[in-house]
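Shown here: entry20.cif, mmCIF, C-alpha atoms and all ligand atoms.
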```cif
data_target
loop_
_atom_site.label_atom_id
_atom_site.label_comp_id
_atom_site.auth_asym_id
_atom_site.auth_seq_id
_atom_site.Cartn_x
_atom_site.Cartn_y
_atom_site.Cartn_z
CA MET A 1 -44.79 -44.36 -64.56
CA PRO A 2 -47.91 -42.51 -65.58
CA ALA A 3 -47.31 -39.77 -68.10
CA TYR A 4 -47.74 -36.15 -67.07
CA ARG A 5 -51.47 -35.72 -66.78
CA PRO A 6 -53.13 -32.90 -68.68
CA PRO A 7 -53.87 -30.30 -66.00
CA HIS A 8 -57.62 -29.96 -65.65
CA ILE A 9 -59.96 -32.50 -67.15
CA SER A 10 -63.48 -31.50 -67.96
CA PRO A 11 -65.93 -34.03 -66.52
CA SER A 12 -67.74 -34.05 -69.85
CA GLU A 13 -64.55 -35.28 -71.52
CA ILE A 14 -64.60 -38.38 -69.36
CA THR A 15 -68.20 -39.51 -69.26
CA PRO A 16 -71.22 -38.37 -71.20
CA LYS A 17 -73.09 -38.27 -67.90
CA GLY A 18 -71.06 -35.28 -66.87
CA ILE A 19 -69.64 -36.68 -63.65
CA TYR A 20 -66.66 -38.94 -63.51
CA LEU A 21 -66.82 -39.97 -59.90
CA SER A 22 -67.65 -43.53 -59.16
CA ARG A 23 -70.99 -43.53 -57.42
CA ARG A 24 -69.70 -45.83 -54.68
CA ASN A 25 -66.74 -43.61 -53.81
CA PHE A 26 -68.81 -40.45 -53.78
CA ILE A 27 -71.38 -41.88 -51.41
CA GLY A 28 -68.68 -43.36 -49.18
CA ALA A 29 -66.92 -40.03 -48.85
CA ALA A 30 -70.18 -38.19 -48.34
CA THR A 31 -71.17 -40.48 -45.51
CA ALA A 32 -67.82 -40.04 -43.78
CA ALA A 33 -68.06 -36.27 -44.17
CA GLY A 34 -71.60 -36.28 -42.84
CA ILE A 35 -70.52 -37.71 -39.49
CA GLY A 36 -67.56 -35.34 -39.21
CA LEU A 37 -64.87 -37.86 -39.97
CA THR A 38 -62.54 -38.23 -42.90
CA ALA A 39 -61.68 -41.68 -44.16
CA GLY A 40 -58.67 -41.54 -41.81
CA GLY A 41 -61.06 -41.22 -38.89
CA LYS A 42 -59.94 -37.77 -37.79
CA ALA A 43 -62.60 -35.37 -36.59
CA TRP A 44 -62.22 -32.14 -38.55
CA ALA A 45 -65.01 -29.81 -37.67
CA ALA A 46 -65.41 -27.36 -34.82
CA PRO A 47 -68.37 -24.98 -34.70
CA LEU A 48 -67.54 -21.47 -35.86
CA THR A 49 -69.88 -18.52 -35.49
CA ALA A 50 -69.95 -15.57 -37.83
CA ALA A 51 -72.15 -12.56 -38.46
CA PRO A 52 -74.02 -12.47 -41.77
CA GLY A 53 -71.88 -10.61 -44.30
CA PRO A 54 -72.69 -8.62 -47.44
CA TYR A 55 -73.38 -10.04 -50.95
CA LYS A 56 -76.54 -12.02 -50.24
CA LEU A 57 -77.28 -14.70 -52.84
CA ASN A 58 -80.73 -16.03 -53.52
CA GLU A 59 -79.57 -19.40 -54.73
CA LYS A 60 -79.89 -22.89 -53.39
CA LEU A 61 -76.87 -23.95 -51.35
CA THR A 62 -74.88 -26.94 -52.60
CA PRO A 63 -75.34 -29.77 -50.06
CA LYS A 64 -72.51 -29.92 -47.53
CA GLU A 65 -71.88 -33.56 -48.47
CA ALA A 66 -71.04 -32.49 -52.03
CA VAL A 67 -68.96 -29.46 -50.94
CA THR A 68 -66.83 -31.68 -48.71
CA SER A 69 -66.48 -34.80 -50.86
CA TYR A 70 -66.12 -33.49 -54.44
CA ASN A 71 -62.86 -31.53 -54.28
CA ASN A 72 -59.76 -30.46 -56.13
CA PHE A 73 -56.72 -30.48 -53.87
CA TYR A 74 -53.97 -32.17 -55.87
CA GLU A 75 -51.63 -32.44 -52.88
CA PHE A 76 -53.94 -35.27 -51.77
CA GLY A 77 -54.50 -36.83 -55.20
CA VAL A 78 -56.02 -35.89 -58.54
CA ASN A 79 -59.42 -37.56 -58.21
CA LYS A 80 -62.39 -35.71 -56.77
CA GLU A 81 -62.78 -38.11 -53.84
CA ASP A 82 -59.05 -38.17 -52.98
CA PRO A 83 -58.88 -35.02 -50.82
CA ALA A 84 -61.65 -36.19 -48.47
CA GLN A 85 -60.23 -39.70 -48.31
CA ASN A 86 -56.51 -38.88 -48.02
CA SER A 87 -56.36 -35.79 -45.83
CA GLY A 88 -57.13 -37.36 -42.45
CA ALA A 89 -53.50 -37.18 -41.27
CA PHE A 90 -53.03 -33.55 -42.31
CA LYS A 91 -52.25 -31.42 -39.21
CA THR A 92 -53.59 -27.90 -39.18
CA THR A 93 -52.49 -26.95 -35.66
CA PRO A 94 -50.19 -25.29 -34.95
CA TRP A 95 -50.43 -23.08 -38.03
CA SER A 96 -49.27 -19.64 -39.02
CA VAL A 97 -49.27 -17.46 -42.11
CA LYS A 98 -46.28 -15.23 -42.90
CA VAL A 99 -47.15 -11.95 -44.59
CA GLU A 100 -44.03 -10.33 -45.99
CA GLY A 101 -42.37 -8.68 -48.97
CA MET A 102 -43.02 -5.04 -49.87
CA VAL A 103 -44.72 -4.09 -46.63
CA GLY A 104 -43.96 -1.69 -43.82
CA LYS A 105 -44.81 -4.17 -41.08
CA PRO A 106 -44.20 -7.82 -42.00
CA LYS A 107 -46.00 -10.15 -39.64
CA GLU A 108 -46.57 -13.81 -38.91
CA PHE A 109 -50.23 -14.43 -38.05
CA GLY A 110 -50.92 -17.37 -35.75
CA LEU A 111 -54.13 -19.32 -36.28
CA ASP A 112 -55.51 -18.17 -32.91
CA GLU A 113 -55.15 -14.58 -33.95
CA ILE A 114 -56.65 -15.30 -37.37
CA LEU A 115 -59.72 -16.92 -35.79
CA LYS A 116 -60.23 -13.77 -33.68
CA MET A 117 -60.68 -11.62 -36.80
CA LYS A 118 -64.20 -10.36 -37.41
CA LEU A 119 -65.65 -13.39 -39.15
CA GLU A 120 -68.52 -13.13 -41.61
CA GLU A 121 -70.64 -15.63 -43.45
CA ARG A 122 -70.25 -15.13 -47.19
CA THR A 123 -72.30 -17.33 -49.46
CA TYR A 124 -70.63 -17.31 -52.87
CA ARG A 125 -71.23 -18.89 -56.23
CA MET A 126 -68.05 -20.84 -57.11
CA ARG A 127 -67.10 -21.92 -60.66
CA CYS A 128 -64.39 -24.49 -61.44
CA VAL A 129 -62.60 -24.19 -64.77
CA GLU A 130 -63.64 -27.81 -65.42
CA GLY A 131 -67.25 -26.72 -65.97
CA TRP A 132 -68.98 -27.35 -62.64
CA SER A 133 -70.11 -24.99 -59.92
CA MET A 134 -71.32 -24.87 -56.33
CA VAL A 135 -72.92 -22.35 -53.96
CA ILE A 136 -70.97 -22.41 -50.72
CA PRO A 137 -71.62 -20.66 -47.38
CA TRP A 138 -68.05 -19.71 -46.46
CA ILE A 139 -66.93 -18.17 -43.18
CA GLY A 140 -64.04 -15.76 -43.42
CA PHE A 141 -62.92 -12.16 -43.51
CA PRO A 142 -61.75 -9.77 -46.21
CA LEU A 143 -58.13 -10.32 -47.24
CA SER A 144 -57.81 -6.53 -47.04
CA ALA A 145 -58.08 -6.76 -43.23
CA ILE A 146 -54.73 -8.55 -43.14
CA LEU A 147 -53.16 -6.42 -45.88
CA ASP A 148 -54.06 -3.25 -43.95
CA GLN A 149 -52.23 -4.54 -40.89
CA VAL A 150 -48.94 -5.08 -42.73
CA GLU A 151 -49.09 -1.74 -44.58
CA PRO A 152 -48.19 -2.47 -48.22
CA LEU A 153 -45.58 -0.10 -49.69
CA GLY A 154 -46.41 2.00 -52.74
CA SER A 155 -44.15 -0.24 -54.84
CA ALA A 156 -46.27 -3.34 -54.09
CA LYS A 157 -48.48 -4.16 -57.09
CA TYR A 158 -49.33 -7.86 -56.66
CA VAL A 159 -49.91 -10.42 -53.93
CA ALA A 160 -48.37 -13.91 -54.14
CA PHE A 161 -49.67 -16.89 -52.14
CA GLU A 162 -48.15 -20.25 -51.23
CA THR A 163 -49.62 -23.54 -49.96
CA VAL A 164 -47.80 -25.62 -47.35
CA VAL A 165 -45.39 -28.35 -48.50
CA ARG A 166 -45.64 -31.43 -46.29
CA PRO A 167 -44.98 -34.66 -48.18
CA GLU A 168 -45.36 -36.69 -44.95
CA GLU A 169 -48.98 -35.57 -44.65
CA MET A 170 -49.92 -34.86 -48.27
CA PRO A 171 -49.64 -38.16 -50.14
CA ALA A 172 -49.37 -36.75 -53.67
CA GLN A 173 -46.42 -34.56 -52.62
CA GLY A 174 -44.53 -37.64 -51.49
CA GLY A 175 -45.45 -40.13 -54.19
CA LEU A 176 -43.61 -41.10 -57.35
CA PHE A 177 -46.29 -39.47 -59.51
CA GLN A 178 -46.23 -35.72 -58.98
CA PRO A 179 -49.30 -34.16 -60.54
CA LEU A 180 -47.98 -30.59 -60.07
CA PRO A 181 -44.79 -28.90 -58.89
CA TRP A 182 -44.96 -27.79 -55.24
CA PRO A 183 -45.65 -25.54 -53.51
CA TYR A 184 -48.94 -24.70 -55.20
CA ILE A 185 -48.69 -20.95 -55.85
CA GLU A 186 -51.22 -18.29 -56.82
CA GLY A 187 -51.42 -14.56 -57.21
CA LEU A 188 -53.69 -11.54 -57.50
CA ARG A 189 -53.21 -7.96 -58.52
CA LEU A 190 -53.20 -5.79 -55.38
CA ASP A 191 -56.51 -4.12 -56.26
CA GLU A 192 -58.12 -7.56 -56.78
CA ALA A 193 -56.69 -8.69 -53.45
CA ARG A 194 -58.13 -5.62 -51.72
CA HIS A 195 -61.56 -5.94 -53.33
CA PRO A 196 -64.21 -6.47 -50.62
CA LEU A 197 -65.42 -9.69 -52.30
CA THR A 198 -61.99 -11.31 -51.82
CA ILE A 199 -61.85 -13.25 -48.57
CA LEU A 200 -59.65 -15.60 -46.62
CA ALA A 201 -61.97 -18.41 -45.57
CA VAL A 202 -61.52 -20.36 -42.34
CA GLY A 203 -64.82 -22.23 -42.37
CA LEU A 204 -67.91 -23.32 -44.25
CA TYR A 205 -71.42 -24.34 -43.24
CA GLY A 206 -70.89 -22.99 -39.71
CA GLU A 207 -67.77 -25.06 -38.98
CA THR A 208 -64.02 -24.79 -39.36
CA LEU A 209 -62.79 -25.79 -42.82
CA PRO A 210 -62.50 -29.51 -43.48
CA ASN A 211 -58.97 -30.46 -44.54
CA GLN A 212 -60.15 -31.26 -48.06
CA ASN A 213 -61.46 -27.70 -48.49
CA GLY A 214 -58.15 -26.06 -47.58
CA ALA A 215 -57.90 -26.02 -43.79
CA PRO A 216 -57.09 -24.04 -41.84
CA ILE A 217 -57.13 -21.00 -44.16
CA ARG A 218 -57.65 -20.57 -47.91
CA LEU A 219 -58.35 -17.88 -50.46
CA VAL A 220 -61.80 -17.39 -52.03
CA VAL A 221 -62.17 -15.09 -55.07
CA PRO A 222 -65.70 -15.72 -56.35
CA TRP A 223 -65.43 -14.01 -59.77
CA LYS A 224 -62.44 -16.16 -60.80
CA TYR A 225 -62.10 -19.84 -61.66
CA GLY A 226 -61.76 -22.07 -58.61
CA PHE A 227 -58.05 -22.75 -59.02
CA LYS A 228 -57.28 -19.16 -57.96
CA GLY A 229 -58.64 -20.16 -54.52
CA ILE A 230 -55.38 -21.50 -53.13
CA LYS A 231 -55.74 -23.76 -50.10
CA SER A 232 -53.85 -24.27 -46.81
CA ILE A 233 -51.89 -21.01 -47.13
CA VAL A 234 -48.63 -20.49 -45.24
CA LYS A 235 -47.22 -17.46 -47.04
CA ILE A 236 -48.55 -14.22 -48.50
CA LYS A 237 -46.00 -11.94 -50.17
CA LEU A 238 -46.47 -8.43 -51.54
CA VAL A 239 -44.43 -8.06 -54.73
CA GLU A 240 -43.80 -5.62 -57.56
CA LYS A 241 -44.08 -7.95 -60.57
CA GLN A 242 -46.88 -10.31 -61.60
CA PRO A 243 -46.15 -13.51 -59.67
CA GLU A 244 -45.92 -16.98 -61.19
CA THR A 245 -48.95 -19.20 -60.71
CA THR A 246 -49.17 -22.99 -60.67
CA TRP A 247 -51.62 -23.52 -63.54
CA LYS A 248 -50.13 -20.90 -65.84
CA ASN A 249 -46.71 -22.45 -65.27
CA SER A 250 -48.07 -25.88 -66.10
CA ASN A 251 -49.95 -24.79 -69.26
CA ALA A 252 -49.98 -21.08 -70.17
CA ARG A 253 -52.08 -21.68 -73.28
CA GLU A 254 -54.93 -23.01 -71.16
CA TYR A 255 -54.61 -20.98 -67.95
CA GLY A 256 -53.81 -17.29 -67.59
CA PHE A 257 -52.96 -15.10 -64.64
CA TYR A 258 -56.37 -13.43 -64.49
CA SER A 259 -58.66 -16.45 -64.90
CA ASN A 260 -61.82 -14.39 -64.56
CA VAL A 261 -64.89 -16.50 -65.19
CA ASN A 262 -65.78 -15.67 -68.80
CA PRO A 263 -68.37 -17.59 -70.82
CA ALA A 264 -67.07 -15.86 -73.97
CA VAL A 265 -63.56 -17.30 -73.69
CA ASP A 266 -63.57 -21.06 -74.12
CA HIS A 267 -60.95 -23.28 -72.60
CA PRO A 268 -58.93 -24.65 -75.55
CA ARG A 269 -60.35 -28.13 -74.83
CA TRP A 270 -63.97 -27.29 -73.92
CA SER A 271 -66.63 -24.58 -73.87
CA GLN A 272 -67.01 -22.34 -70.83
CA ALA A 273 -70.52 -21.17 -71.80
CA THR A 274 -72.40 -23.38 -69.33
CA GLU A 275 -71.79 -25.15 -66.05
CA GLN A 276 -73.13 -28.03 -64.05
CA ARG A 277 -74.42 -27.11 -60.59
CA ILE A 278 -73.18 -29.97 -58.45
CA GLY A 279 -75.99 -31.41 -56.34
CA GLU A 280 -78.84 -30.00 -58.42
CA GLY A 281 -81.24 -32.12 -60.38
CA GLY A 282 -80.21 -34.98 -58.08
CA PHE A 283 -76.70 -35.67 -56.84
CA PHE A 284 -75.70 -36.98 -60.23
CA GLY A 285 -77.87 -34.65 -62.22
CA THR A 286 -76.63 -33.34 -65.51
CA LYS A 287 -78.59 -30.09 -65.65
CA ARG A 288 -76.43 -27.25 -66.95
CA VAL A 289 -76.98 -23.54 -66.40
CA ASP A 290 -75.48 -20.57 -68.24
CA THR A 291 -72.17 -19.31 -66.94
CA LEU A 292 -72.23 -15.57 -66.19
CA PRO A 293 -69.45 -13.07 -66.89
CA PHE A 294 -67.33 -12.70 -63.76
CA ASN A 295 -69.43 -15.56 -62.37
CA GLY A 296 -72.28 -13.12 -61.80
CA TYR A 297 -70.18 -10.58 -59.89
CA GLY A 298 -69.73 -8.18 -62.83
CA ASN A 299 -71.47 -5.25 -61.12
CA GLU A 300 -68.92 -5.45 -58.34
CA VAL A 301 -65.70 -6.20 -60.25
CA ALA A 302 -65.94 -5.33 -63.95
CA SER A 303 -64.47 -1.88 -63.28
CA LEU A 304 -61.21 -3.51 -62.12
CA TYR A 305 -60.62 -4.50 -65.75
CA ALA A 306 -61.77 -1.35 -67.54
CA GLY A 307 -59.82 -0.92 -70.76
CA MET A 308 -58.35 -4.43 -70.67
CA ASP A 309 -58.89 -6.95 -73.46
CA LEU A 310 -60.26 -9.88 -71.47
CA LYS A 311 -59.76 -12.29 -74.40
CA ALA A 312 -56.03 -11.62 -74.37
CA ASN A 313 -55.89 -11.35 -70.57
CA TYR A 314 -57.65 -14.62 -69.74
N1 LIG B 401 -53.16 -25.93 -52.80
C1 LIG B 401 -54.15 -26.15 -53.68
N2 LIG B 401 -55.16 -25.28 -53.77
C2 LIG B 401 -56.18 -25.50 -54.66
C3 LIG B 401 -56.16 -26.61 -55.52
C4 LIG B 401 -55.08 -27.54 -55.39
O1 LIG B 401 -54.98 -28.55 -56.11
N3 LIG B 401 -54.10 -27.28 -54.46
N4 LIG B 401 -57.20 -26.80 -56.44
C5 LIG B 401 -57.95 -25.59 -56.85
C6 LIG B 401 -59.14 -25.88 -57.66
S1 LIG B 401 -58.87 -26.40 -59.25
C7 LIG B 401 -60.41 -25.67 -57.20
S2 LIG B 401 -61.77 -25.84 -58.22
C8 LIG B 401 -60.66 -25.29 -55.77
C9 LIG B 401 -61.64 -26.27 -55.16
O2 LIG B 401 -61.99 -25.88 -53.86
P1 LIG B 401 -63.03 -26.78 -53.02
O3 LIG B 401 -62.53 -28.20 -53.08
O4 LIG B 401 -63.03 -26.24 -51.63
O5 LIG B 401 -64.37 -26.64 -53.68
O6 LIG B 401 -59.46 -25.29 -55.00
C10 LIG B 401 -58.33 -24.73 -55.64
N5 LIG B 401 -57.21 -24.60 -54.70
MO MO B 402 -60.92 -26.04 -60.36
#
```

Whole structure, structure tokens version:
Amino acid sequence: MPAYRPPHISPSEITPKGIYLSRRNFIGAATAAGIGLTAGGKAWAAPLTAAPGPYKLNEKLTPKEAVTSYNNFYEFGVNKEDPAQNSGAFKTTPWSVKVEGMVGKPKEFGLDEILKMKLEERTYRMRCVEGWSMVIPWIGFPLSAILDQVEPLGSAKYVAFETVVRPEEMPAQGGLFQPLPWPYIEGLRLDEARHPLTILAVGLYGETLPNQNGAPIRLVVPWKYGFKGIKSIVKIKLVEKQPETTWKNSNAREYGFYSNVNPAVDHPRWSQATEQRIGEGGFFGTKRVDTLPFNGYGNEVASLYAGMDLKANY
């Protein structure tokens, strides 16, 4: 039996080149993604239209092939190519999301209803705690649109999220080696959840989300490390106390509740000062750029943390 694997592994810890994918696997997955098929042969994409949203970014988009073949989704395996290769049998219809807890009007949202929300294109800079980043044209809507409908009570202070548990369709949930405890869980403070930058994404690059990116609906919080962006959500619960989160539970010294992108707070095992833009300087390029406080969204979100010590609240 493999030993419990240290949670996140910085690519630079594995190879000096900065990328630990095998070239052959990456290109194989990218080709499959490019023709709209996962390795399992299932078509995943349907066109999705959305109006341009706020927060324009003047940065080069990460190629779709990289966005859809270099993923973290441990339910399908711990290697970057696993989610694209092992998620072909994952069924995303029918689907619904329960929104419950401290709310006046709990509600179960069916996927049809979700897809009728006012969808926007939101191109965001995304930063993984492992030291790489992408620029992704998401399609989604503000999480606040759903929160408004359920009418949070005054006592609600946090929002807790849960990913689906389906060992029959998610190989790493059914295998002997369990990389994480399931369900994958995440959380935000209510004001973070209501911030206009925080979206529920249902698509990217003009199409419905590929399974490997968290179909049919996932969270995107661009000023936080990528692991806050919980995928394939089935439950959203308004709660009074700070909820447990998967990575903090697995290693609280390395991962906090807030997980705001912060170049001044190093991960205990590597620096967070710079990042590798996946797909720039060639697919396997090693060019690194400076990481920005709040991933560059400081003007929008720094006020949420006024008076907080962000070194203690990492
Ligand atoms: N359910 C679930 N959500 C998850 C993860 C996961 O393993 N399981 N990985 C997280 C991490 S570490 C990152 S960096 C992002 C990656 O999202 P992407 O593959 O769409 O780029 O998803 C996050 N959401
Ligand atoms: Mo990540």

Checklist entry - ligand MO 402 (chain B): which residues are within 8 Å, counting all atoms listed in the file, as a list in words? => result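 Answer in the requested format: His8, Asn72, Arg127, Cys128, Val129, Glu130, Tyr225, Gly226 and Phe227 of chain A.
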
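In this structure, atom CA of A:Ala51 sits 6.6 Å away from atom CA of A:Leu119.
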
Next on the checklist: Can you work out which residues are within 6 Å of ligand LIG 401 (chain B), considering only C-alpha atoms and all ligand atoms, and then hand them over as a ChimeraX atom specification?
Outcome noted: /A:71-75,128,163,184,213,226-227,229-231

Okay, now the selection with C-alpha atoms, as an mmCIF file, in the coordinates of the input?
```
data_model
loop_
_atom_site.group_PDB
_atom_site.id
_atom_site.type_symbol
_atom_site.label_atom_id
_atom_site.label_comp_id
_atom_site.auth_asym_id
_atom_site.auth_seq_id
_atom_site.Cartn_x
_atom_site.Cartn_y
_atom_site.Cartn_z
ATOM 1 C CA ASN A 71 -62.860 -31.530 -54.280
ATOM 2 C CA ASN A 72 -59.760 -30.460 -56.130
ATOM 3 C CA PHE A 73 -56.720 -30.480 -53.870
ATOM 4 C CA TYR A 74 -53.970 -32.170 -55.870
ATOM 5 C CA GLU A 75 -51.630 -32.440 -52.880
ATOM 6 C CA CYS A 128 -64.390 -24.490 -61.440
ATOM 7 C CA THR A 163 -49.620 -23.540 -49.960
ATOM 8 C CA TYR A 184 -48.940 -24.700 -55.200
ATOM 9 C CA ASN A 213 -61.460 -27.700 -48.490
ATOM 10 C CA GLY A 226 -61.760 -22.070 -58.610
ATOM 11 C CA PHE A 227 -58.050 -22.750 -59.020
ATOM 12 C CA GLY A 229 -58.640 -20.160 -54.520
ATOM 13 C CA ILE A 230 -55.380 -21.500 -53.130
ATOM 14 C CA LYS A 231 -55.740 -23.760 -50.100
#
```

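Candidate residues A:Pro243, A:Pro47, A:Pro94, A:Pro52 were compared for distance to A:Pro216, and the nearest is A:Pro94, using all atoms listed in the file.
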
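Using all atoms listed in the file, the shortest contact distance between A:Asn251 and any of A:Glu300, A:Glu186, A:His195, A:Leu180 is found at A:Leu180.
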
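Nearest-residue note for A:Ala145: choosing from A:Ile236, A:Val289, A:Met126, A:Met117, the minimum distance belongs to A:Met117, counting only C-alpha atoms.
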
Next on the checklist: When you look at A:Pro210 with a cut-off of 8 Å (counting only C-alpha atoms), what residues show up, excluding the ones that are within fewer than 3 positions of it in the same chain? I need them as a PyMOL selection string.
Outcome noted: chain A and resi 44-45+68+203+213-216

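Near stretch 258-275 of chain A, within 7 Å and counting only C-alpha atoms, sit Gly131, Trp132, Ser133, Trp223, Lys224, Tyr225, Glu254, Tyr255, Gly256, Arg277, Arg288, Val289, Asp290, Thr291, Leu292, Pro293, Phe294, Asn295, Lys311, Asn313 and Tyr314 of chain A; same-chain residues fewer than 2 positions away were not included.
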
Grab all the atoms of stretch 67-86 of chain A that the file lists, wrap them in a box along x, y and z, add 8 Å per side, and give me centre plus edge lengths in Å (one decimal) as AutoDock Vina command-line options.
```
--center_x -60.3 --center_y -34.6 --center_z -53.3 --size_x 33.3 --size_y 26.2 --size_z 26.5
```

Next on the checklist: Excluding A:Gln149 and its own-chain neighbours fewer than 4 positions away, which residues fall within 12 Å of it when counting all atoms listed in the file? Please give them as an MDAnalysis selection string.
Outcome noted: chainID A and resid 99:100 103:109 117 143:145 153

Checklist entry - Do you know which residues lie at most 9 Å from (-67.9, -29.0, -51.3), with coordinates as in the file and all atoms listed in the file counted, and could you write them as a PyMOL selection string? => result chain A and resi 62-71+134-136+212-213+278

Would you put the residues from that selection into a file with C-alpha atoms, as a short mmCIF file (atom, residue, chain, number, x, y, z; two decimals), keeping the file's coordinate frame?
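Just written: out-v4.cif:
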```
data_model
loop_
_atom_site.label_atom_id
_atom_site.label_comp_id
_atom_site.auth_asym_id
_atom_site.auth_seq_id
_atom_site.Cartn_x
_atom_site.Cartn_y
_atom_site.Cartn_z
CA THR A 62 -74.88 -26.94 -52.60
CA PRO A 63 -75.34 -29.77 -50.06
CA LYS A 64 -72.51 -29.92 -47.53
CA GLU A 65 -71.88 -33.56 -48.47
CA ALA A 66 -71.04 -32.49 -52.03
CA VAL A 67 -68.96 -29.46 -50.94
CA THR A 68 -66.83 -31.68 -48.71
CA SER A 69 -66.48 -34.80 -50.86
CA TYR A 70 -66.12 -33.49 -54.44
CA ASN A 71 -62.86 -31.53 -54.28
CA MET A 134 -71.32 -24.87 -56.33
CA VAL A 135 -72.92 -22.35 -53.96
CA ILE A 136 -70.97 -22.41 -50.72
CA GLN A 212 -60.15 -31.26 -48.06
CA ASN A 213 -61.46 -27.70 -48.49
CA ILE A 278 -73.18 -29.97 -58.45
#
```

Item to check | Between atom CA of A:Arg218 and atom CA of A:Leu310, distance in Å (one decimal) | outcome: 26.0 Å

Checklist outcome for this item: Atom pair atom CA of A:Thr245 + atom CA of A:Ile233, distance 14.0 Å

Item to check | Shortest interatomic distance to A:Phe90 - which of A:Glu168, A:Glu244, A:Glu207, A:Asp191, counting only C-alpha atoms | outcome: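 Between A:Glu168, A:Glu244, A:Glu207, A:Asp191, the residue approaching A:Phe90 most closely is A:Glu168.
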